[in-house]
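Asks: For reference, the file start-v2.cif (mmCIF, C-alpha atoms) is included below:
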data_protein
loop_
_atom_site.label_atom_id
_atom_site.label_comp_id
_atom_site.auth_asym_id
_atom_site.auth_seq_id
_atom_site.Cartn_x
_atom_site.Cartn_y
_atom_site.Cartn_z
CA TYR A 23 -33.21 -71.59 -16.01
CA TRP A 24 -29.67 -70.31 -15.48
CA LYS A 25 -28.30 -73.65 -14.27
CA ARG A 26 -29.68 -75.33 -17.39
CA GLU A 27 -28.69 -72.55 -19.80
CA LEU A 28 -25.10 -72.24 -18.58
CA ALA A 29 -24.35 -75.91 -17.92
CA GLY A 30 -20.97 -76.83 -19.42
CA VAL A 31 -20.26 -73.26 -20.43
CA PRO A 32 -16.73 -72.84 -21.90
CA ALA A 33 -14.23 -71.52 -19.37
CA LEU A 34 -12.76 -68.98 -21.80
CA LEU A 35 -13.50 -67.32 -25.12
CA GLU A 36 -10.09 -67.30 -26.75
CA VAL A 37 -10.08 -64.38 -29.17
CA PRO A 38 -6.60 -64.14 -30.77
CA ALA A 39 -4.57 -61.63 -28.75
CA ASP A 40 -1.24 -59.89 -29.13
CA HIS A 41 0.04 -60.89 -25.70
CA ALA A 42 -0.19 -63.94 -23.47
CA ARG A 43 -2.89 -63.75 -20.82
CA PRO A 44 -1.40 -62.73 -17.43
CA ALA A 45 -1.72 -65.19 -14.56
CA GLU A 46 -3.85 -62.61 -12.77
CA GLN A 47 -6.30 -60.30 -14.52
CA GLU A 48 -5.03 -56.79 -15.10
CA PHE A 49 -7.47 -53.94 -15.64
CA ALA A 50 -5.45 -51.53 -17.79
CA GLY A 51 -7.46 -50.72 -20.89
CA GLY A 52 -7.76 -48.79 -24.10
CA PHE A 53 -10.53 -47.71 -26.45
CA ALA A 54 -11.01 -47.91 -30.21
CA GLU A 55 -13.86 -46.00 -31.86
CA VAL A 56 -16.28 -47.19 -34.52
CA VAL A 57 -18.92 -45.33 -36.52
CA LEU A 58 -21.39 -46.94 -38.93
CA ASP A 59 -22.57 -44.57 -41.64
CA ALA A 60 -26.21 -43.58 -42.10
CA HIS A 61 -26.72 -45.95 -45.05
CA LEU A 62 -25.49 -48.99 -43.10
CA THR A 63 -27.46 -47.94 -40.03
CA ALA A 64 -30.64 -47.68 -42.07
CA GLY A 65 -29.94 -51.10 -43.60
CA LEU A 66 -29.51 -52.65 -40.17
CA LYS A 67 -32.82 -51.16 -39.05
CA GLU A 68 -34.57 -52.58 -42.09
CA LEU A 69 -32.99 -55.99 -41.53
CA SER A 70 -34.19 -55.91 -37.92
CA ARG A 71 -37.76 -55.00 -38.94
CA ARG A 72 -37.82 -57.72 -41.58
CA HIS A 73 -36.96 -60.39 -39.02
CA GLY A 74 -39.04 -59.03 -36.14
CA ALA A 75 -35.95 -58.22 -34.07
CA THR A 76 -34.73 -55.09 -32.35
CA LEU A 77 -31.64 -53.22 -33.53
CA PHE A 78 -29.98 -54.34 -30.28
CA MET A 79 -30.61 -58.00 -31.18
CA THR A 80 -29.23 -57.53 -34.67
CA LEU A 81 -26.04 -55.89 -33.43
CA LEU A 82 -25.63 -58.54 -30.73
CA SER A 83 -25.95 -61.20 -33.45
CA ALA A 84 -23.20 -59.54 -35.46
CA TRP A 85 -20.93 -59.30 -32.41
CA GLY A 86 -21.54 -62.97 -31.61
CA ALA A 87 -20.84 -64.04 -35.19
CA LEU A 88 -17.60 -62.05 -35.23
CA LEU A 89 -16.43 -63.45 -31.88
CA GLY A 90 -17.21 -66.98 -33.02
CA ARG A 91 -15.22 -66.50 -36.20
CA LEU A 92 -12.27 -64.88 -34.46
CA SER A 93 -12.06 -67.49 -31.69
CA GLY A 94 -12.94 -70.51 -33.81
CA GLN A 95 -15.36 -71.54 -31.05
CA GLU A 96 -18.96 -72.56 -31.62
CA ASP A 97 -20.09 -71.75 -28.07
CA VAL A 98 -19.99 -67.99 -27.43
CA VAL A 99 -21.14 -66.33 -24.20
CA ILE A 100 -21.63 -62.55 -24.14
CA GLY A 101 -22.54 -60.40 -21.16
CA ILE A 102 -25.19 -57.72 -21.60
CA PRO A 103 -26.19 -55.05 -19.05
CA THR A 104 -29.90 -54.67 -18.36
CA ALA A 105 -31.63 -51.70 -16.77
CA ASN A 106 -33.50 -54.08 -14.43
CA ARG A 107 -36.41 -51.65 -14.06
CA ASN A 108 -39.16 -53.98 -15.19
CA ARG A 109 -41.88 -52.65 -12.92
CA MET A 110 -43.64 -49.32 -13.38
CA GLU A 111 -43.52 -48.67 -9.63
CA ILE A 112 -39.71 -48.37 -9.57
CA GLU A 113 -39.21 -46.31 -12.73
CA GLY A 114 -39.10 -43.06 -10.76
CA LEU A 115 -36.70 -44.28 -8.08
CA ILE A 116 -33.16 -42.96 -7.97
CA GLY A 117 -30.56 -45.71 -7.80
CA PHE A 118 -28.37 -48.12 -9.71
CA PHE A 119 -30.57 -51.07 -10.69
CA VAL A 120 -28.41 -52.43 -13.51
CA ASN A 121 -27.84 -56.18 -13.63
CA THR A 122 -25.74 -58.29 -16.03
CA LEU A 123 -27.12 -61.17 -18.09
CA ALA A 124 -25.16 -63.94 -19.80
CA VAL A 125 -26.36 -64.71 -23.33
CA ARG A 126 -25.07 -68.01 -24.72
CA LEU A 127 -25.02 -68.40 -28.50
CA ASN A 128 -24.41 -71.44 -30.67
CA VAL A 129 -22.73 -70.34 -33.89
CA SER A 130 -21.91 -73.85 -35.17
CA GLY A 131 -22.68 -74.89 -38.71
CA SER A 132 -22.36 -71.41 -40.21
CA PRO A 133 -25.97 -70.39 -39.48
CA ARG A 134 -27.79 -68.11 -41.90
CA VAL A 135 -28.44 -64.55 -40.74
CA SER A 136 -32.12 -65.34 -40.26
CA GLN A 137 -31.27 -68.39 -38.13
CA LEU A 138 -28.82 -66.47 -35.95
CA LEU A 139 -31.26 -63.60 -35.46
CA GLU A 140 -34.01 -66.01 -34.45
CA GLN A 141 -31.71 -67.67 -31.92
CA VAL A 142 -30.50 -64.36 -30.47
CA LYS A 143 -34.05 -63.03 -30.21
CA ALA A 144 -35.16 -66.12 -28.26
CA LYS A 145 -32.10 -66.11 -26.00
CA VAL A 146 -32.38 -62.41 -25.16
CA LEU A 147 -36.09 -62.61 -24.38
CA LEU A 148 -35.55 -65.63 -22.09
CA ALA A 149 -32.64 -63.96 -20.34
CA GLN A 150 -34.73 -60.85 -19.73
CA GLN A 151 -37.55 -62.96 -18.33
CA HIS A 152 -35.10 -64.37 -15.77
CA GLN A 153 -33.22 -61.15 -15.00
CA ASP A 154 -34.37 -60.68 -11.40
CA ILE A 155 -31.64 -62.89 -9.92
CA PRO A 156 -28.37 -60.96 -9.37
CA PHE A 157 -25.46 -61.95 -11.59
CA GLU A 158 -23.36 -62.95 -8.57
CA GLN A 159 -25.95 -65.59 -7.69
CA VAL A 160 -26.05 -66.81 -11.29
CA VAL A 161 -22.29 -67.43 -11.06
CA GLU A 162 -22.79 -69.40 -7.85
CA LEU A 163 -25.50 -71.52 -9.49
CA ALA A 164 -23.62 -72.16 -12.74
CA GLN A 165 -20.34 -72.98 -10.95
CA PRO A 166 -18.06 -72.15 -13.91
CA VAL A 167 -14.33 -72.72 -13.94
CA ARG A 168 -12.85 -69.97 -11.78
CA SER A 169 -9.52 -68.30 -12.45
CA LEU A 170 -7.75 -65.13 -11.37
CA ALA A 171 -6.78 -64.64 -15.02
CA HIS A 172 -10.27 -63.88 -16.33
CA THR A 173 -13.87 -63.15 -15.39
CA PRO A 174 -16.29 -66.06 -14.90
CA LEU A 175 -18.91 -67.13 -17.51
CA PHE A 176 -17.92 -64.53 -20.11
CA GLN A 177 -15.00 -62.29 -21.01
CA VAL A 178 -16.75 -60.07 -23.58
CA MET A 179 -19.65 -57.63 -23.25
CA PHE A 180 -22.09 -55.83 -25.51
CA ALA A 181 -23.73 -52.64 -24.25
CA TRP A 182 -26.44 -50.87 -26.25
CA GLN A 183 -27.33 -47.38 -25.01
CA GLN A 184 -30.83 -46.56 -26.16
CA ALA A 185 -31.68 -43.64 -23.88
CA GLU A 186 -31.03 -40.18 -25.29
CA GLY A 187 -29.16 -37.70 -23.17
CA GLY A 188 -31.36 -35.00 -21.66
CA GLU A 189 -30.60 -31.43 -20.75
CA LEU A 190 -30.30 -30.18 -17.18
CA GLU A 191 -31.15 -26.57 -16.45
CA LEU A 192 -30.19 -24.83 -13.21
CA PRO A 193 -30.80 -21.13 -12.42
CA GLY A 194 -27.65 -19.05 -12.81
CA VAL A 195 -25.50 -22.01 -13.85
CA GLU A 196 -24.15 -22.77 -17.31
CA LEU A 197 -23.82 -26.51 -17.96
CA ARG A 198 -22.06 -28.41 -20.71
CA PRO A 199 -21.08 -32.07 -21.15
CA LEU A 200 -17.73 -33.12 -19.73
CA GLN A 201 -15.58 -34.54 -22.48
CA GLY A 202 -14.77 -38.17 -21.79
CA ALA A 203 -11.33 -38.87 -20.41
CA GLU A 204 -9.02 -41.32 -22.14
CA HIS A 205 -10.00 -44.94 -21.41
CA ARG A 206 -7.43 -46.55 -19.18
CA VAL A 207 -9.51 -49.28 -17.53
CA SER A 208 -11.13 -52.43 -18.93
CA LYS A 209 -13.10 -54.83 -16.73
CA PHE A 210 -13.35 -57.42 -19.52
CA ASP A 211 -11.27 -58.60 -22.46
CA LEU A 212 -13.53 -56.74 -24.92
CA THR A 213 -16.60 -54.56 -24.44
CA LEU A 214 -18.46 -53.28 -27.49
CA SER A 215 -20.57 -50.22 -26.62
CA LEU A 216 -22.86 -48.68 -29.23
CA GLN A 217 -25.66 -46.14 -29.48
CA GLU A 218 -27.57 -44.36 -32.22
CA ALA A 219 -27.05 -40.65 -32.68
CA GLU A 220 -28.18 -38.50 -35.59
CA GLY A 221 -29.03 -41.49 -37.75
CA ARG A 222 -25.72 -43.27 -37.26
CA ILE A 223 -24.60 -46.06 -34.94
CA ALA A 224 -21.44 -45.07 -33.09
CA GLY A 225 -19.35 -46.18 -30.15
CA GLY A 226 -16.33 -48.40 -29.81
CA VAL A 227 -14.56 -51.23 -28.08
CA GLU A 228 -12.99 -51.03 -24.66
CA TYR A 229 -10.17 -53.59 -24.60
CA ALA A 230 -7.74 -55.11 -22.11
CA ALA A 231 -4.38 -53.55 -22.83
CA SER A 232 -2.61 -56.55 -21.33
CA LEU A 233 -3.97 -58.67 -24.20
CA PHE A 234 -4.55 -56.46 -27.22
CA GLU A 235 -2.84 -53.71 -29.15
CA ARG A 236 -5.08 -50.94 -30.46
CA ALA A 237 -4.30 -51.82 -34.10
CA THR A 238 -5.59 -55.37 -33.55
CA VAL A 239 -8.87 -54.17 -32.04
CA GLU A 240 -9.32 -51.69 -34.90
CA ARG A 241 -8.79 -54.54 -37.39
CA TYR A 242 -11.46 -56.61 -35.60
CA LEU A 243 -13.84 -53.64 -35.73
CA GLY A 244 -13.20 -53.28 -39.43
#
Now, as a test, write the supplied structure out as structure tokens.
Replies:
Amino acid sequence: YWKRELAGVPALLEVPADHARPAEQEFAGGFAEVVLDAHLTAGLKELSRRHGATLFMTLLSAWGALLGRLSGQEDVVIGIPTANRNRMEIEGLIGFFVNTLAVRLNVSGSPRVSQLLEQVKAKVLLAQQHQDIPFEQVVELAQPVRSLAHTPLFQVMFAWQQAEGGELELPGVELRPLQGAEHRVSKFDLTLSLQEAEGRIAGGVEYAASLFERATVERYLG
């Protein structure tokens, strides 16, 4: 499946940047926030229901459409993390099971929203059906163009956090969330991370500081 799906994959998604790409990938990063209001969030949920898609699929479609428009490329590959806990027997195990899947989208011909959602839905479901193979082995099978300047197969990610944070209680100990430190690292050119909280979709984009200025990323988010 992966050899067929990723055959001839573009070496690079060239989103317009503020700086020339370094000869060797640098990992300095920044972060720009985004919040979608309750009205827009509700509209996105209704759109998803109407087309038989999940909210994750709808947001991934929007991210793919934006990246295609920004880059001017019709072939867009986006990495998505997957929990990789697809068997009931391992749900209770402690450990890091997360794998990364490459979702390849064709945004040529200015597809209608319904067409793009249908494509994304099919691609995501197929990718999840073939998620057992580690991403490193997928790279070996696909044999993409390799470069020290960028990651193989894709340079952009989309992460959707669906799990709600729980509370931990310990006798005699007061616990509170640690406020996130300033983002200074980026493993990819752009990583859009979103989650729903209190009826609104919120998150932001982690970006490679060697390529983008914060103002540019905020404009893309807008």
Asks: Which residue is closest to Glu36 (chain A)? Choose from A:Ala60, A:Val129, A:Val178, A:Val160 and count all atoms listed in the file.
Replies: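 Counting all atoms listed in the file, the residue closest to Glu36 (chain A) is A:Val178.
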Asks: When distances are computed from all atoms listed in the file, which of A:Gly52, A:Thr122, A:His172, A:Val227 shows the smallest separation from Gln159 (chain A)?
Replies: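 Residue with the minimum atom-to-atom distance to Gln159 (chain A): A:Thr122.
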Asks: Take the PyMOL selection byres ((chain A and resi 125) around 6), apply it to the structure above, and return the hits as a VMD selection string.
Replies: chain A and resid 99 to 100 124 126
Asks: Can you list, as a PDB file with C-alpha atoms, in the frame of the given file, the residues that the PyMOL selection byres ((chain A and resi 79) around 8) selects here?
Replies:
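Generated output (part-v7.pdb):
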ATOM      1  CA  SER A  70     -34.190 -55.910 -37.920  1.00  0.00           C
ATOM      2  CA  ALA A  75     -35.950 -58.220 -34.070  1.00  0.00           C
ATOM      3  CA  THR A  76     -34.730 -55.090 -32.350  1.00  0.00           C
ATOM      4  CA  LEU A  77     -31.640 -53.220 -33.530  1.00  0.00           C
ATOM      5  CA  PHE A  78     -29.980 -54.340 -30.280  1.00  0.00           C
ATOM      6  CA  THR A  80     -29.230 -57.530 -34.670  1.00  0.00           C
ATOM      7  CA  LEU A  81     -26.040 -55.890 -33.430  1.00  0.00           C
ATOM      8  CA  LEU A  82     -25.630 -58.540 -30.730  1.00  0.00           C
ATOM      9  CA  SER A  83     -25.950 -61.200 -33.450  1.00  0.00           C
ATOM     10  CA  LEU A 139     -31.260 -63.600 -35.460  1.00  0.00           C
ATOM     11  CA  VAL A 142     -30.500 -64.360 -30.470  1.00  0.00           C
ATOM     12  CA  LYS A 143     -34.050 -63.030 -30.210  1.00  0.00           C
ATOM     13  CA  VAL A 146     -32.380 -62.410 -25.160  1.00  0.00           C
TER      14      VAL A 146
END
Asks: Take the PyMOL selection byres ((chain A and resi 107) around 12), run it mentally on this structure, and tell me the resulting residues as a PDB file with C-alpha atoms, in the frame of the given file.
Replies:
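Final output, selection_21.pdb:
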ATOM      1  CA  PRO A 103     -26.190 -55.050 -19.050  1.00  0.00           C
ATOM      2  CA  THR A 104     -29.900 -54.670 -18.360  1.00  0.00           C
ATOM      3  CA  ALA A 105     -31.630 -51.700 -16.770  1.00  0.00           C
ATOM      4  CA  ASN A 106     -33.500 -54.080 -14.430  1.00  0.00           C
ATOM      5  CA  ASN A 108     -39.160 -53.980 -15.190  1.00  0.00           C
ATOM      6  CA  ARG A 109     -41.880 -52.650 -12.920  1.00  0.00           C
ATOM      7  CA  MET A 110     -43.640 -49.320 -13.380  1.00  0.00           C
ATOM      8  CA  GLU A 111     -43.520 -48.670  -9.630  1.00  0.00           C
ATOM      9  CA  ILE A 112     -39.710 -48.370  -9.570  1.00  0.00           C
ATOM     10  CA  GLU A 113     -39.210 -46.310 -12.730  1.00  0.00           C
ATOM     11  CA  GLY A 114     -39.100 -43.060 -10.760  1.00  0.00           C
ATOM     12  CA  LEU A 115     -36.700 -44.280  -8.080  1.00  0.00           C
ATOM     13  CA  ILE A 116     -33.160 -42.960  -7.970  1.00  0.00           C
ATOM     14  CA  GLY A 117     -30.560 -45.710  -7.800  1.00  0.00           C
ATOM     15  CA  PHE A 118     -28.370 -48.120  -9.710  1.00  0.00           C
ATOM     16  CA  PHE A 119     -30.570 -51.070 -10.690  1.00  0.00           C
ATOM     17  CA  VAL A 120     -28.410 -52.430 -13.510  1.00  0.00           C
ATOM     18  CA  ASN A 121     -27.840 -56.180 -13.630  1.00  0.00           C
ATOM     19  CA  GLN A 150     -34.730 -60.850 -19.730  1.00  0.00           C
ATOM     20  CA  GLN A 153     -33.220 -61.150 -15.000  1.00  0.00           C
ATOM     21  CA  ASP A 154     -34.370 -60.680 -11.400  1.00  0.00           C
TER      22      ASP A 154
END
Asks: Could you add N, CA, C and O atoms to region 27-52 of chain A and give me the result as a compact mmCIF listing (two decimals), in the coordinates of the input?
Replies:
# COMPACT_ATOMS: atom_id res chain seq x y z
N GLU A 27 -29.21 -73.32 -18.67
CA GLU A 27 -28.69 -72.55 -19.80
C GLU A 27 -27.17 -72.49 -19.82
O GLU A 27 -26.55 -72.50 -20.89
N LEU A 28 -26.55 -72.43 -18.65
CA LEU A 28 -25.10 -72.24 -18.58
C LEU A 28 -24.35 -73.50 -18.20
O LEU A 28 -23.15 -73.45 -17.91
N ALA A 29 -25.02 -74.65 -18.22
CA ALA A 29 -24.35 -75.91 -17.92
C ALA A 29 -23.27 -76.20 -18.96
O ALA A 29 -23.50 -76.10 -20.17
N GLY A 30 -22.07 -76.50 -18.50
CA GLY A 30 -20.97 -76.83 -19.42
C GLY A 30 -20.46 -75.65 -20.21
O GLY A 30 -19.86 -75.83 -21.28
N VAL A 31 -20.69 -74.45 -19.71
CA VAL A 31 -20.26 -73.26 -20.43
C VAL A 31 -18.73 -73.27 -20.58
O VAL A 31 -18.00 -73.71 -19.67
N PRO A 32 -18.19 -72.85 -21.73
CA PRO A 32 -16.73 -72.84 -21.90
C PRO A 32 -16.07 -71.91 -20.88
O PRO A 32 -16.62 -70.85 -20.55
N ALA A 33 -14.92 -72.32 -20.39
CA ALA A 33 -14.23 -71.52 -19.37
C ALA A 33 -13.74 -70.20 -19.93
O ALA A 33 -13.68 -69.19 -19.22
N LEU A 34 -13.42 -70.17 -21.23
CA LEU A 34 -12.76 -68.98 -21.80
C LEU A 34 -13.09 -68.86 -23.28
O LEU A 34 -13.09 -69.84 -24.02
N LEU A 35 -13.37 -67.64 -23.70
CA LEU A 35 -13.50 -67.32 -25.12
C LEU A 35 -12.14 -66.81 -25.58
O LEU A 35 -11.71 -65.72 -25.19
N GLU A 36 -11.48 -67.60 -26.40
CA GLU A 36 -10.09 -67.30 -26.75
C GLU A 36 -10.00 -66.55 -28.06
O GLU A 36 -9.69 -67.11 -29.11
N VAL A 37 -10.27 -65.26 -28.01
CA VAL A 37 -10.08 -64.38 -29.17
C VAL A 37 -8.58 -64.15 -29.35
O VAL A 37 -7.88 -63.85 -28.37
N PRO A 38 -8.04 -64.32 -30.56
CA PRO A 38 -6.60 -64.14 -30.77
C PRO A 38 -6.11 -62.79 -30.24
O PRO A 38 -6.67 -61.74 -30.58
N ALA A 39 -5.09 -62.84 -29.40
CA ALA A 39 -4.57 -61.63 -28.75
C ALA A 39 -3.12 -61.41 -29.15
O ALA A 39 -2.46 -62.28 -29.72
N ASP A 40 -2.63 -60.23 -28.81
CA ASP A 40 -1.24 -59.89 -29.13
C ASP A 40 -0.28 -60.34 -28.04
O ASP A 40 0.92 -60.49 -28.29
N HIS A 41 -0.81 -60.53 -26.83
CA HIS A 41 0.04 -60.89 -25.70
C HIS A 41 -0.57 -62.06 -24.94
O HIS A 41 -1.79 -62.25 -24.96
N ALA A 42 0.28 -62.83 -24.28
CA ALA A 42 -0.19 -63.94 -23.47
C ALA A 42 -1.01 -63.41 -22.29
O ALA A 42 -0.71 -62.35 -21.74
N ARG A 43 -2.04 -64.16 -21.92
CA ARG A 43 -2.89 -63.75 -20.82
C ARG A 43 -2.11 -63.80 -19.50
O ARG A 43 -1.51 -64.83 -19.18
N PRO A 44 -2.10 -62.72 -18.72
CA PRO A 44 -1.40 -62.73 -17.43
C PRO A 44 -2.02 -63.74 -16.48
O PRO A 44 -3.20 -64.09 -16.60
N ALA A 45 -1.23 -64.21 -15.53
CA ALA A 45 -1.72 -65.19 -14.56
C ALA A 45 -2.83 -64.61 -13.70
O ALA A 45 -3.68 -65.32 -13.20
N GLU A 46 -2.81 -63.29 -13.53
CA GLU A 46 -3.85 -62.61 -12.77
C GLU A 46 -4.37 -61.45 -13.60
O GLU A 46 -3.58 -60.70 -14.20
N GLN A 47 -5.69 -61.30 -13.65
CA GLN A 47 -6.30 -60.30 -14.52
C GLN A 47 -5.82 -58.90 -14.19
O GLN A 47 -5.78 -58.49 -13.03
N GLU A 48 -5.41 -58.19 -15.23
CA GLU A 48 -5.03 -56.79 -15.10
C GLU A 48 -6.16 -55.95 -15.70
O GLU A 48 -6.86 -56.39 -16.59
N PHE A 49 -6.31 -54.73 -15.23
CA PHE A 49 -7.47 -53.94 -15.64
C PHE A 49 -7.08 -52.70 -16.44
O PHE A 49 -7.92 -51.83 -16.65
N ALA A 50 -5.85 -52.62 -16.90
CA ALA A 50 -5.45 -51.53 -17.79
C ALA A 50 -6.17 -51.71 -19.11
O ALA A 50 -6.30 -52.82 -19.62
N GLY A 51 -6.68 -50.61 -19.67
CA GLY A 51 -7.46 -50.72 -20.89
C GLY A 51 -7.23 -49.61 -21.87
O GLY A 51 -6.59 -48.60 -21.57
N GLY A 52 -7.78 -49.80 -23.06
CA GLY A 52 -7.76 -48.79 -24.10
C GLY A 52 -9.11 -48.76 -24.80
O GLY A 52 -10.01 -49.55 -24.48
